[in-house]
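What's in coords-v9.cif: mmCIF, C-alpha atoms
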```cif
data_query
#
loop_
_atom_site.label_atom_id
_atom_site.label_comp_id
_atom_site.auth_asym_id
_atom_site.auth_seq_id
_atom_site.Cartn_x
_atom_site.Cartn_y
_atom_site.Cartn_z
CA MET A 1 -18.26 -31.05 39.25
CA ARG A 2 -19.87 -28.03 37.61
CA SER A 3 -17.97 -24.80 37.20
CA TYR A 4 -18.86 -22.22 39.82
CA VAL A 5 -17.28 -19.37 37.87
CA SER A 6 -19.81 -17.09 36.19
CA ASP A 7 -20.15 -17.08 32.41
CA SER A 8 -19.35 -13.37 32.27
CA VAL A 9 -16.02 -13.83 34.07
CA GLN A 10 -15.11 -16.87 31.98
CA LYS A 11 -15.61 -14.77 28.85
CA LEU A 12 -13.21 -12.08 30.05
CA GLN A 13 -9.84 -12.31 28.36
CA PRO A 14 -6.80 -12.23 30.68
CA SER A 15 -4.57 -9.18 30.48
CA GLY A 16 -2.32 -9.31 27.45
CA ILE A 17 0.57 -7.79 29.39
CA ARG A 18 0.58 -9.84 32.58
CA ARG A 19 2.35 -12.91 31.24
CA TYR A 20 5.38 -10.87 30.14
CA PHE A 21 5.78 -9.48 33.65
CA ASP A 22 5.43 -12.98 35.07
CA ILE A 23 8.07 -14.43 32.73
CA ALA A 24 10.48 -11.53 33.28
CA ALA A 25 10.15 -11.98 37.05
CA THR A 26 11.70 -15.46 36.74
CA MET A 27 14.72 -14.22 34.76
CA GLU A 28 17.89 -12.41 35.77
CA ASP A 29 19.33 -9.23 34.25
CA VAL A 30 16.12 -8.18 32.49
CA VAL A 31 15.81 -4.56 31.39
CA THR A 32 12.11 -3.82 31.40
CA LEU A 33 10.55 -1.20 29.18
CA GLY A 34 7.20 -2.80 29.78
CA ILE A 35 5.92 -1.37 33.03
CA GLY A 36 3.77 1.77 33.02
CA GLU A 37 4.97 3.09 36.35
CA PRO A 38 7.29 5.99 37.23
CA ASN A 39 10.74 4.93 38.39
CA PHE A 40 10.76 7.96 40.70
CA VAL A 41 9.99 7.62 44.40
CA THR A 42 7.14 9.82 45.61
CA PRO A 43 8.71 13.24 46.38
CA ASP A 44 9.78 13.66 50.00
CA HIS A 45 7.35 16.40 51.02
CA ILE A 46 4.43 14.36 49.68
CA LEU A 47 5.73 11.18 51.28
CA ASN A 48 6.11 12.94 54.62
CA LYS A 49 2.49 14.12 54.60
CA GLY A 50 1.36 10.52 54.32
CA ILE A 51 3.68 9.52 57.14
CA GLU A 52 2.47 12.42 59.30
CA SER A 53 -1.10 11.29 58.72
CA LEU A 54 -0.25 7.88 60.14
CA GLN A 55 1.70 9.32 63.04
CA ARG A 56 -1.29 11.48 63.98
CA GLY A 57 -3.43 8.38 64.16
CA GLN A 58 -5.46 9.20 61.06
CA THR A 59 -6.16 5.55 60.28
CA ALA A 60 -9.97 5.57 60.23
CA TYR A 61 -12.36 5.90 57.32
CA THR A 62 -12.89 9.30 55.78
CA ASN A 63 -16.08 10.66 54.30
CA ASN A 64 -17.24 8.32 51.53
CA SER A 65 -16.43 10.93 48.89
CA GLY A 66 -12.99 11.67 50.38
CA THR A 67 -11.85 14.30 52.84
CA ILE A 68 -13.37 17.68 52.15
CA GLU A 69 -9.85 19.15 52.14
CA LEU A 70 -8.75 16.88 49.28
CA ARG A 71 -11.96 17.44 47.33
CA GLN A 72 -11.45 21.18 47.66
CA ALA A 73 -7.86 20.79 46.48
CA ILE A 74 -9.04 18.79 43.45
CA SER A 75 -11.56 21.51 42.62
CA ARG A 76 -8.89 24.21 42.87
CA TYR A 77 -6.50 22.13 40.78
CA ILE A 78 -8.97 21.68 37.93
CA LEU A 79 -9.99 25.34 38.10
CA ARG A 80 -6.34 26.39 37.95
CA LEU A 81 -5.55 24.13 34.99
CA TYR A 82 -8.71 24.39 32.89
CA GLY A 83 -10.96 27.09 34.31
CA LEU A 84 -13.66 24.55 35.19
CA GLU A 85 -15.60 24.78 38.44
CA TYR A 86 -16.70 21.63 40.26
CA ASP A 87 -18.44 21.80 43.62
CA PRO A 88 -16.26 19.79 46.03
CA CYS A 89 -19.31 18.83 48.07
CA ASN A 90 -21.34 17.11 45.35
CA GLN A 91 -19.30 16.93 42.13
CA VAL A 92 -15.99 15.40 43.23
CA LEU A 93 -15.36 11.80 44.27
CA VAL A 94 -12.03 10.42 45.52
CA THR A 95 -11.51 6.83 44.36
CA VAL A 96 -9.07 3.97 44.71
CA GLY A 97 -7.13 4.88 41.60
CA VAL A 98 -8.64 5.71 38.23
CA SER A 99 -9.49 2.03 37.71
CA GLU A 100 -12.21 2.26 40.35
CA ALA A 101 -13.40 5.58 38.96
CA LEU A 102 -13.74 4.05 35.49
CA PHE A 103 -15.76 1.10 36.75
CA LEU A 104 -18.04 3.37 38.78
CA ALA A 105 -18.62 5.63 35.78
CA LEU A 106 -19.55 2.71 33.55
CA LYS A 107 -21.72 0.94 36.13
CA ALA A 108 -23.52 4.20 36.92
CA ILE A 109 -24.67 4.78 33.34
CA LEU A 110 -25.04 1.35 31.73
CA ASN A 111 -28.07 -0.88 31.53
CA PRO A 112 -27.42 -4.48 30.42
CA GLY A 113 -26.55 -4.53 26.74
CA ASP A 114 -25.81 -0.81 26.41
CA GLU A 115 -22.90 -0.14 24.09
CA VAL A 116 -19.79 1.90 24.78
CA LEU A 117 -17.49 3.04 21.98
CA VAL A 118 -13.98 2.18 23.19
CA VAL A 119 -11.23 3.91 21.23
CA GLU A 120 -8.23 1.61 20.70
CA PRO A 121 -5.35 0.99 21.17
CA CYS A 122 -6.03 1.70 24.83
CA PHE A 123 -5.32 0.55 28.36
CA VAL A 124 -6.01 -3.17 28.61
CA ALA A 125 -8.72 -2.75 31.27
CA ASN A 126 -10.98 -0.41 29.30
CA ALA A 127 -13.00 -2.89 27.25
CA ALA A 128 -12.98 -5.37 30.14
CA ALA A 129 -14.40 -2.72 32.47
CA VAL A 130 -17.29 -2.13 30.06
CA GLU A 131 -18.08 -5.84 30.04
CA MET A 132 -17.79 -6.14 33.83
CA ALA A 133 -20.28 -3.28 34.13
CA GLY A 134 -22.79 -5.17 31.99
CA GLY A 135 -22.20 -3.26 28.77
CA VAL A 136 -20.95 -4.15 25.32
CA ALA A 137 -17.57 -2.77 24.24
CA VAL A 138 -17.60 -1.62 20.62
CA ARG A 139 -13.98 -1.24 19.63
CA ILE A 140 -13.02 1.70 17.42
CA ASP A 141 -9.65 1.30 15.71
CA THR A 142 -7.18 4.11 15.23
CA HIS A 143 -4.07 3.93 13.06
CA VAL A 144 -0.59 5.39 12.81
CA GLN A 145 -1.45 7.00 9.46
CA ASN A 146 -3.85 9.28 11.37
CA ASP A 147 -1.50 9.69 14.35
CA PHE A 148 -3.72 7.31 16.32
CA GLN A 149 -6.42 9.99 16.44
CA VAL A 150 -10.04 8.92 16.35
CA THR A 151 -12.33 10.96 14.09
CA GLY A 152 -15.97 11.86 14.42
CA ALA A 153 -16.67 9.77 11.32
CA ASP A 154 -15.03 6.74 12.93
CA LEU A 155 -17.37 7.05 15.90
CA GLU A 156 -20.48 7.83 13.90
CA GLN A 157 -20.11 4.69 11.79
CA ALA A 158 -20.36 2.58 14.94
CA ILE A 159 -23.41 4.29 16.48
CA THR A 160 -26.47 2.09 17.09
CA PRO A 161 -29.67 2.64 19.10
CA ARG A 162 -27.88 0.94 22.04
CA THR A 163 -24.90 3.30 22.09
CA LYS A 164 -24.71 5.05 25.46
CA ALA A 165 -21.20 6.42 25.81
CA VAL A 166 -17.76 7.03 24.36
CA LEU A 167 -14.64 6.11 26.34
CA ILE A 168 -11.49 8.02 25.44
CA SER A 169 -8.05 7.98 27.10
CA TYR A 170 -5.55 10.71 26.32
CA PRO A 171 -2.66 11.26 26.49
CA ASN A 172 -2.86 7.69 25.37
CA ASN A 173 -1.55 4.46 26.81
CA PRO A 174 0.02 2.74 24.82
CA THR A 175 0.68 5.05 21.86
CA GLY A 176 1.53 8.35 23.57
CA ALA A 177 -0.90 10.12 21.23
CA VAL A 178 -2.51 13.38 22.35
CA LEU A 179 -5.84 14.29 20.80
CA SER A 180 -5.87 17.59 18.93
CA ARG A 181 -8.53 20.20 19.57
CA ALA A 182 -10.01 19.53 16.12
CA ARG A 183 -10.46 15.82 16.86
CA LEU A 184 -11.84 16.52 20.32
CA LEU A 185 -14.42 18.84 18.81
CA GLU A 186 -15.43 16.09 16.37
CA ILE A 187 -15.97 13.71 19.30
CA ALA A 188 -17.96 16.40 21.08
CA ALA A 189 -20.17 16.93 18.02
CA VAL A 190 -20.96 13.21 17.85
CA ALA A 191 -21.70 13.09 21.59
CA GLU A 192 -24.11 16.01 21.28
CA LYS A 193 -25.78 14.71 18.12
CA TYR A 194 -26.49 11.28 19.61
CA ASP A 195 -26.87 12.38 23.25
CA LEU A 196 -23.94 10.34 24.56
CA VAL A 197 -21.96 10.44 27.78
CA VAL A 198 -18.21 10.88 27.31
CA ILE A 199 -15.95 9.20 29.84
CA SER A 200 -12.62 10.97 29.52
CA ASP A 201 -9.64 9.30 31.21
CA GLU A 202 -7.00 12.02 31.51
CA ILE A 203 -4.66 10.44 34.06
CA TYR A 204 -1.59 11.45 32.01
CA GLU A 205 -2.77 15.06 31.58
CA ARG A 206 0.37 16.65 33.04
CA LEU A 207 2.82 14.53 31.05
CA VAL A 208 2.73 16.22 27.63
CA TYR A 209 5.61 17.30 25.42
CA ASP A 210 5.65 19.96 22.69
CA VAL A 211 1.84 20.28 22.90
CA GLY A 212 -0.79 21.34 25.44
CA HIS A 213 -3.45 19.19 27.05
CA ILE A 214 -7.10 20.09 26.43
CA CYS A 215 -9.58 18.86 29.03
CA PHE A 216 -12.62 17.37 27.29
CA ALA A 217 -15.08 18.85 29.79
CA SER A 218 -13.83 22.33 28.88
CA LEU A 219 -15.13 22.04 25.30
CA PRO A 220 -18.34 23.92 24.45
CA GLY A 221 -21.41 22.04 25.68
CA MET A 222 -19.44 19.10 27.14
CA TYR A 223 -19.34 19.93 30.85
CA ASP A 224 -22.64 18.24 31.77
CA ARG A 225 -22.15 15.15 29.62
CA THR A 226 -18.51 14.43 30.61
CA ILE A 227 -17.27 12.19 33.40
CA LEU A 228 -13.69 13.36 33.93
CA LEU A 229 -11.25 10.85 35.42
CA SER A 230 -7.77 11.60 36.70
CA GLY A 231 -5.54 11.18 39.73
CA VAL A 232 -2.07 11.52 41.20
CA SER A 233 -0.54 8.16 40.24
CA LYS A 234 1.37 9.07 37.09
CA SER A 235 2.19 12.78 37.29
CA PHE A 236 3.27 12.71 40.95
CA ALA A 237 4.84 9.20 41.06
CA MET A 238 2.19 7.92 43.48
CA THR A 239 0.94 4.70 41.89
CA GLY A 240 1.00 2.72 45.15
CA TRP A 241 -0.97 5.33 47.10
CA ARG A 242 -4.06 4.45 45.02
CA ILE A 243 -5.69 7.85 44.79
CA GLY A 244 -7.77 8.78 41.77
CA TYR A 245 -10.76 11.02 41.35
CA ALA A 246 -13.80 11.64 39.20
CA THR A 247 -15.76 14.82 38.55
CA ALA A 248 -19.12 15.06 36.84
CA SER A 249 -22.54 16.67 36.93
CA VAL A 250 -24.50 16.20 40.14
CA PRO A 251 -26.84 13.42 38.88
CA LEU A 252 -23.96 11.37 37.49
CA MET A 253 -21.88 11.91 40.60
CA GLU A 254 -24.72 10.90 42.90
CA ALA A 255 -24.98 7.58 41.05
CA MET A 256 -21.23 6.98 41.21
CA ARG A 257 -21.07 7.88 44.90
CA LYS A 258 -23.85 5.41 45.66
CA LEU A 259 -21.84 2.58 44.09
CA HIS A 260 -18.63 3.73 45.76
CA GLN A 261 -20.29 3.67 49.20
CA TYR A 262 -21.13 0.00 48.85
CA LEU A 263 -17.97 -1.15 47.06
CA ILE A 264 -15.17 0.75 48.76
CA MET A 265 -16.37 2.95 51.66
CA SER A 266 -13.48 5.38 51.20
CA ALA A 267 -10.07 5.67 49.58
CA PRO A 268 -6.95 5.16 51.75
CA THR A 269 -6.78 7.88 54.40
CA MET A 270 -3.01 8.40 54.39
CA GLY A 271 -3.08 8.44 50.58
CA GLN A 272 -5.59 11.26 50.63
CA ALA A 273 -3.33 13.30 52.92
CA ALA A 274 -0.40 12.79 50.55
CA ALA A 275 -2.54 13.60 47.48
CA PHE A 276 -3.59 16.90 49.05
CA GLU A 277 0.06 17.87 49.40
CA ALA A 278 0.78 16.80 45.80
CA LEU A 279 -2.02 18.86 44.28
CA GLU A 280 -1.33 21.92 46.43
CA ARG A 281 2.47 22.01 46.37
CA GLY A 282 3.74 19.50 43.83
CA GLU A 283 4.15 21.59 40.68
CA ASP A 284 7.95 21.63 40.79
CA ASP A 285 7.98 17.84 41.16
CA VAL A 286 5.77 17.39 38.12
CA GLU A 287 8.02 19.56 36.00
CA MET A 288 11.18 17.80 37.16
CA MET A 289 9.79 14.39 36.26
CA ARG A 290 8.21 15.60 33.03
CA SER A 291 11.57 16.99 31.88
CA ALA A 292 13.29 13.68 32.65
CA TYR A 293 10.63 11.75 30.73
CA ASP A 294 10.96 14.14 27.80
CA ARG A 295 14.71 13.51 27.61
CA ARG A 296 14.21 9.75 27.75
CA ARG A 297 11.40 9.97 25.17
CA ARG A 298 13.72 11.61 22.67
CA THR A 299 16.45 9.04 23.31
CA LEU A 300 14.14 6.09 22.86
CA VAL A 301 12.32 7.39 19.78
CA SER A 302 15.62 8.28 18.10
CA GLY A 303 17.07 4.90 19.02
CA PHE A 304 14.16 2.96 17.57
CA ASN A 305 14.22 4.94 14.33
CA GLU A 306 17.96 4.36 13.93
CA LEU A 307 17.33 0.61 14.29
CA GLY A 308 14.71 0.61 11.53
CA MET A 309 11.83 0.30 13.99
CA MET A 310 9.89 3.28 12.71
CA CYS A 311 8.47 4.94 15.78
CA PHE A 312 5.33 7.03 16.09
CA GLN A 313 6.16 10.37 17.70
CA PRO A 314 4.51 10.35 21.14
CA HIS A 315 3.48 13.67 22.65
CA GLY A 316 2.16 12.46 25.97
CA ALA A 317 2.24 9.86 28.77
CA PHE A 318 5.50 7.87 28.98
CA TYR A 319 5.28 5.30 26.21
CA THR A 320 6.70 4.81 22.73
CA PHE A 321 4.98 2.67 20.12
CA PRO A 322 7.49 1.55 17.47
CA SER A 323 6.65 -0.68 14.52
CA ILE A 324 8.30 -4.09 14.31
CA ALA A 325 7.33 -4.62 10.64
CA ALA A 326 10.99 -4.73 9.58
CA THR A 327 11.45 -8.02 11.43
CA GLY A 328 8.60 -9.85 9.72
CA MET A 329 7.52 -11.16 13.13
CA SER A 330 4.21 -10.81 14.86
CA ASP A 331 4.34 -8.49 17.84
CA GLU A 332 3.95 -11.40 20.26
CA THR A 333 6.76 -13.37 18.64
CA PHE A 334 8.97 -10.28 18.69
CA CYS A 335 8.38 -9.73 22.41
CA ASP A 336 8.94 -13.38 23.28
CA ARG A 337 12.19 -13.62 21.35
CA LEU A 338 13.52 -10.25 22.53
CA LEU A 339 12.89 -11.22 26.14
CA HIS A 340 14.52 -14.63 25.89
CA GLU A 341 17.39 -13.70 23.56
CA GLU A 342 18.36 -10.29 24.90
CA ARG A 343 16.60 -9.92 28.26
CA VAL A 344 14.60 -6.84 27.23
CA ALA A 345 10.91 -6.72 28.10
CA VAL A 346 8.43 -4.81 25.94
CA ILE A 347 4.70 -5.40 25.43
CA PRO A 348 2.91 -6.51 22.22
CA GLY A 349 0.79 -3.74 20.74
CA SER A 350 -2.02 -6.21 20.13
CA ALA A 351 -2.48 -6.48 23.90
CA PHE A 352 -4.05 -3.01 23.69
CA GLY A 353 -6.44 -3.77 20.84
CA ARG A 354 -6.39 -5.22 17.34
CA SER A 355 -5.18 -1.95 15.82
CA GLY A 356 -2.05 -2.21 17.96
CA ALA A 357 -0.88 -5.33 16.11
CA GLY A 358 2.51 -4.90 14.49
CA PHE A 359 3.74 -2.51 17.18
CA VAL A 360 5.21 -2.86 20.66
CA ARG A 361 4.85 -0.63 23.70
CA ALA A 362 8.10 0.48 25.28
CA SER A 363 7.99 2.72 28.33
CA TYR A 364 10.55 5.38 29.14
CA THR A 365 9.97 5.24 32.89
CA ASN A 366 13.22 3.35 33.36
CA SER A 367 16.53 5.12 34.04
CA ASP A 368 18.63 6.73 31.31
CA GLU A 369 21.27 4.07 31.92
CA ASN A 370 18.83 1.21 31.49
CA ILE A 371 17.28 2.77 28.40
CA ASP A 372 20.75 2.95 26.84
CA LYS A 373 21.36 -0.67 27.84
CA ALA A 374 18.03 -1.75 26.30
CA LEU A 375 18.84 0.03 23.03
CA GLU A 376 22.24 -1.69 22.85
CA ARG A 377 20.58 -5.08 23.30
CA LEU A 378 17.93 -4.17 20.74
CA ARG A 379 20.71 -3.25 18.32
CA ARG A 380 22.10 -6.77 18.59
CA PHE A 381 18.63 -8.25 18.19
CA MET A 382 17.79 -6.17 15.12
CA PHE A 383 21.17 -6.97 13.55
CA ARG A 384 20.13 -10.63 13.60
CA HIS A 385 16.45 -10.20 12.77
CA GLY A 386 15.90 -6.79 11.15
#
```
Show me this structure written as structure tokens.
Amino acid sequence: MRSYVSDSVQKLQPSGIRRYFDIAATMEDVVTLGIGEPNFVTPDHILNKGIESLQRGQTAYTNNSGTIELRQAISRYILRLYGLEYDPCNQVLVTVGVSEALFLALKAILNPGDEVLVVEPCFVANAAAVEMAGGVAVRIDTHVQNDFQVTGADLEQAITPRTKAVLISYPNNPTGAVLSRARLLEIAAVAEKYDLVVISDEIYERLVYDVGHICFASLPGMYDRTILLSGVSKSFAMTGWRIGYATASVPLMEAMRKLHQYLIMSAPTMGQAAAFEALERGEDDVEMMRSAYDRRRRTLVSGFNELGMMCFQPHGAFYTFPSIAATGMSDETFCDRLLHEERVAVIPGSAFGRSGAGFVRASYTNSDENIDKALERLRRFMFRHG
């Protein structure tokens, strides 16, 4: 019997992180530092708004683009944070998480064979999303020696006549790197020189430590060529509500909305009600969680360094990215052995791109108690293998 699966899907590589979650799920007493999800429950006042929406019978579709109330709240939120004005009627789209927003952005701009510069290490879905949208992912490596910051020269070396866009994600998953203004301006200069679209995934924008976050669309000349992606999942502990959003110029947004109408119809109604509450009245919650993450970040980075796992200093998101060079193992071997020998789950850096090889991603979304427990188990492991 012939295969009925398309060639394009067969060529897609499976997620490099999924198998570790699957293995850990079959084991007892595993401390996971692998999952990129807040361990906080959605704050009560936000939760209650979603519940109230259901109790009022608000279970039907909304406007394709999202409720006008939520789109207005998103516009106010971005204006308050970055001084950027987006018309809620025709420049804001509410999506089913940022994953949908990313696919829509790529599908809206790419013709078959168009190239997208994908800065790595990055979220495992980024290059795959380019391929699913019919494009070609051109991977741009970054390295710890440069604080995992891409340069304009790095991008320019990869430009071809088929290059259509640059995809950046910062604060970064998995490294925790935050792009400096100087590097952002270099990216902007390349985008302007070669007339490129910049898709800027800023879902971790509120989770920064010791630095500020600079919105790419706020840079000189970048507003009209930027598709800005964000949402409430990470900063407000709302991953399961599945509410993201995209903002862009009117022509780009019209194209994305057209795709969204056919693919999704509208994002979850009760999730939109909860997201409105988060954006309008959730600042104290963000700060509470950010402070907790900051404390855990310092504990984990210090712990790794003390164990000889030299750790890049993350300034954003909720991930650390320590080197495992001292063990002489590959990152995959390290993760396999750590999981089976000490019941600690971390993710190989190579799952996020070739330049992540030799590192592991460890999240500080777990509790302080479990982070301490993981470090104690790592201490035993490194005593044997370090």
>> Which residues, named as in the file, does the PyMOL selection byres ((chain A and resi 175) around 9) pick out? Answer as a count of residues only.
In response: 22
Please list as a PyMOL selection string every residue within 7 Å of stretch 194-206 of chain A, counting only C-alpha atoms and excluding residues in the same chain fewer than 5 positions away. chain A and resi 164-171+213+216+225-231+234-235+317
Correct to one decimal, the distance atom CA of A:Ala158-atom CA of A:Ser8 is 23.6 Å
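Atom CA of A:Arg337 is positioned 28.8 Å from atom CA of A:Lys11.
When all atoms listed in the file are used to compute distances to A:Glu369, the closest of the residues A:Thr299, A:Thr42, A:Gln157, A:Gln55 turns out to be A:Thr299.
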